[in-house]
Structures are given as C-alpha cells and as structure tokens.
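Some notes on the structure that comes next.
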Amino acid sequence: AQQWRYSTGFPITRSAAAVGDKVFVTSGEPSLHCVNAKTGAGIWEAPHVKQFASASKTRVYGVNDRGAFVVLDASTGAAL
C-alpha cells in the first residue's frame with residue numbers, strides 16, 4: 001500500500017533510488033530531489049542535476065545537465 005506521495009512539480013526522468021533513510025529522484029526540470037523515505041517529506045533539492053549515481057553518509061554523486069560529474073553534501077544538497 002502507498003505510504004506517502006511526493007511531487008517534484010515536473011515529470012520523473014529516472015527510477016527513484018533508495019539509500020538508507022533517503023530516496024533520490026530526478027525530475028525533468030532537471031533537479032535531484034532528496035526525500036525522507038519514511039515520511040515522504042522533501043529534505044533538499046539540487047537544481048541542474050539530471051542523474052543520481054550513488055550516495056554515502058556524507059556525499060551524493062550525480063551528473064549535471066552539462067554532463068559533468070557532481071558531488072553534493074548529503075545533508076544539504078550543496079555542491080562541493
């Protein structure tokens with residue numbers, strides 16, 4: 001049964017990826033959204049990130065809209 005719903009405001013471009021207590025989903029804006037897996041509440045949004053690659057406790061890795069590899073802070077979504 002569905003437990004929660006989260007809207008990015010744009011079409012979802014790839015399958016969501018669950019890592020620990022977070023779900024990462026990319027939208028057609030493009031933007032990477034980090035969502036709380038238990039509540040469905042948005043934690044942060046990273047604009048211009050079109051693909052999620054991987055995550056650790058402190059970092060999130062992806063690809064931006066220019067094809068460049070990006071590293072984000074896992075707690076804030078800020079580019080590092």
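Residues in the structure tokens are named by chain (A, B, ... in the order shown) and by number from 1 within that chain; ligands are numbered from 1 in the order shown.
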
With a distance cut-off of 9 Å and only C-alpha atoms, select the neighbouring residues of A:Val23, excluding the residue or stretch itself and same-chain residues fewer than 6 positions from it, and output the selection as number ranges by chain. A: 16-17, 33-37, 40

Test item, strand (DSSP E or B) assignment across chain A, answer as number ranges by chain: A: 12, 17-19, 22-27, 31-36, 42-47, 49-55, 59-64, 69-73, 79

Atomic distance atom CA of A:Thr13 - atom CA of A:Ala46, expressed in Å with one decimal: 14.7 Å

Distance in Å - atom CA of A:Asn64 versus atom CA of A:Ala79: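 Calculated distance between atom CA of A:Asn64 and atom CA of A:Ala79 is 10.9 Å.
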
Provide the atom CA of A:Leu72 to atom CA of A:Val19 distance in Å, to one decimal place. 14.8 Å

Which polymer residues have any atom within 6 Å of an atom of A:Arg59, counting only C-alpha atoms, with same-chain residues fewer than 3 positions away left out, as an MDAnalysis selection string? chainID A and resid 55:56 72:74

Expected file: the selected residues, C-alpha atoms, as a PDB file, in the first residue's frame:
```pdb
ATOM      1  CA  ALA A  55      25.485   8.152  -2.128  1.00  0.00           C
ATOM      2  CA  SER A  56      27.478   7.706   1.061  1.00  0.00           C
ATOM      3  CA  LEU A  72      26.887  17.164  -3.207  1.00  0.00           C
ATOM      4  CA  ASP A  73      26.750  17.408   0.569  1.00  0.00           C
ATOM      5  CA  ALA A  74      24.373  14.614   1.649  1.00  0.00           C
TER       6      ALA A  74
END
```

What's around A:Glu45 at 12 Å? Count only C-alpha atoms, leave out sequence neighbours fewer than 3 positions away in its own chain, and write the answer as a list in words. Ser7, Thr8, Gly9, Val23, Phe24, Val25, Thr26, Ser27, Glu29, Pro30, Ser31, Leu32, His33, Cys34, Val35, Ala41, Gly42, His48, Val49, Lys50, Val60, Leu72, Asp73, Ala74, Ser75, Thr76, Gly77, Ala78 and Ala79 of chain A

Please produce an output containing C-alpha atoms for each residue in the selection, written as a PDB file, in the first residue's frame.
```
ATOM      1  CA  SER A   7       5.598  15.770  -6.081  1.00  0.00           C
ATOM      2  CA  THR A   8       8.610  17.205  -7.890  1.00  0.00           C
ATOM      3  CA  GLY A   9       6.409  19.508  -9.953  1.00  0.00           C
ATOM      4  CA  VAL A  23      15.094   8.406  -1.587  1.00  0.00           C
ATOM      5  CA  PHE A  24      16.707  10.208  -4.523  1.00  0.00           C
ATOM      6  CA  VAL A  25      14.651  11.101  -7.580  1.00  0.00           C
ATOM      7  CA  THR A  26      15.393  13.258 -10.622  1.00  0.00           C
ATOM      8  CA  SER A  27      12.848  15.433 -12.358  1.00  0.00           C
ATOM      9  CA  GLU A  29      13.424  20.392 -14.529  1.00  0.00           C
ATOM     10  CA  PRO A  30      16.240  18.989 -14.202  1.00  0.00           C
ATOM     11  CA  SER A  31      16.697  18.679 -10.478  1.00  0.00           C
ATOM     12  CA  LEU A  32      17.709  15.994  -7.976  1.00  0.00           C
ATOM     13  CA  HIS A  33      15.332  15.657  -5.035  1.00  0.00           C
ATOM     14  CA  CYS A  34      16.257  14.068  -1.706  1.00  0.00           C
ATOM     15  CA  VAL A  35      13.206  12.760   0.156  1.00  0.00           C
ATOM     16  CA  ALA A  41       8.972  14.914   3.214  1.00  0.00           C
ATOM     17  CA  GLY A  42      11.398  16.743   0.940  1.00  0.00           C
ATOM     18  CA  HIS A  48      20.652  21.181 -12.669  1.00  0.00           C
ATOM     19  CA  VAL A  49      21.393  17.613 -11.519  1.00  0.00           C
ATOM     20  CA  LYS A  50      19.772  15.244 -14.002  1.00  0.00           C
ATOM     21  CA  VAL A  60      25.818  12.316  -3.014  1.00  0.00           C
ATOM     22  CA  LEU A  72      26.887  17.164  -3.207  1.00  0.00           C
ATOM     23  CA  ASP A  73      26.750  17.408   0.569  1.00  0.00           C
ATOM     24  CA  ALA A  74      24.373  14.614   1.649  1.00  0.00           C
ATOM     25  CA  SER A  75      22.713  16.675   4.392  1.00  0.00           C
ATOM     26  CA  THR A  76      22.101  19.902   2.433  1.00  0.00           C
ATOM     27  CA  GLY A  77      22.421  19.123  -1.277  1.00  0.00           C
ATOM     28  CA  ALA A  78      25.001  21.897  -1.671  1.00  0.00           C
ATOM     29  CA  ALA A  79      27.642  21.402  -4.362  1.00  0.00           C
TER      30      ALA A  79
END
```

Set the distance at 6 Å and use only C-alpha atoms: which residues neighbour A:Val70 once local chain neighbours fewer than 5 positions away are removed? I'd like the list as a PyMOL selection string. chain A and resi 61-63

Those same residues, written as a short mmCIF file (atom, residue, chain, number, x, y, z; two decimals), in the first residue's frame with all heavy atoms?
```
data_model
loop_
_atom_site.label_atom_id
_atom_site.label_comp_id
_atom_site.auth_asym_id
_atom_site.auth_seq_id
_atom_site.Cartn_x
_atom_site.Cartn_y
_atom_site.Cartn_z
N TYR A 61 26.49 11.66 -5.25
CA TYR A 61 27.16 11.81 -6.53
C TYR A 61 26.15 11.74 -7.66
O TYR A 61 25.19 10.97 -7.60
CB TYR A 61 28.20 10.69 -6.70
CG TYR A 61 29.16 10.61 -5.54
CD1 TYR A 61 28.92 9.76 -4.47
CD2 TYR A 61 30.29 11.41 -5.50
CE1 TYR A 61 29.78 9.70 -3.39
CE2 TYR A 61 31.16 11.37 -4.43
CZ TYR A 61 30.90 10.50 -3.37
OH TYR A 61 31.76 10.46 -2.31
N GLY A 62 26.36 12.57 -8.68
CA GLY A 62 25.45 12.58 -9.81
C GLY A 62 26.07 13.22 -11.03
O GLY A 62 27.27 13.49 -11.08
N VAL A 63 25.21 13.47 -12.02
CA VAL A 63 25.62 14.10 -13.27
C VAL A 63 24.73 15.30 -13.50
O VAL A 63 23.50 15.20 -13.37
CB VAL A 63 25.50 13.11 -14.45
CG1 VAL A 63 25.88 13.77 -15.76
CG2 VAL A 63 26.35 11.87 -14.20
#
```

Nearest to A:Arg14: which of A:Leu80, A:Gly28, A:Gly67, A:Ser54 is it, counting only C-alpha atoms?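 Selected residue with least distance to A:Arg14: A:Gly28.
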
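Taking only C-alpha atoms into account, A:Tyr6 lies nearest to A:Thr39 out of the set A:Pro47, A:Ala68, A:Thr58, A:Thr39.
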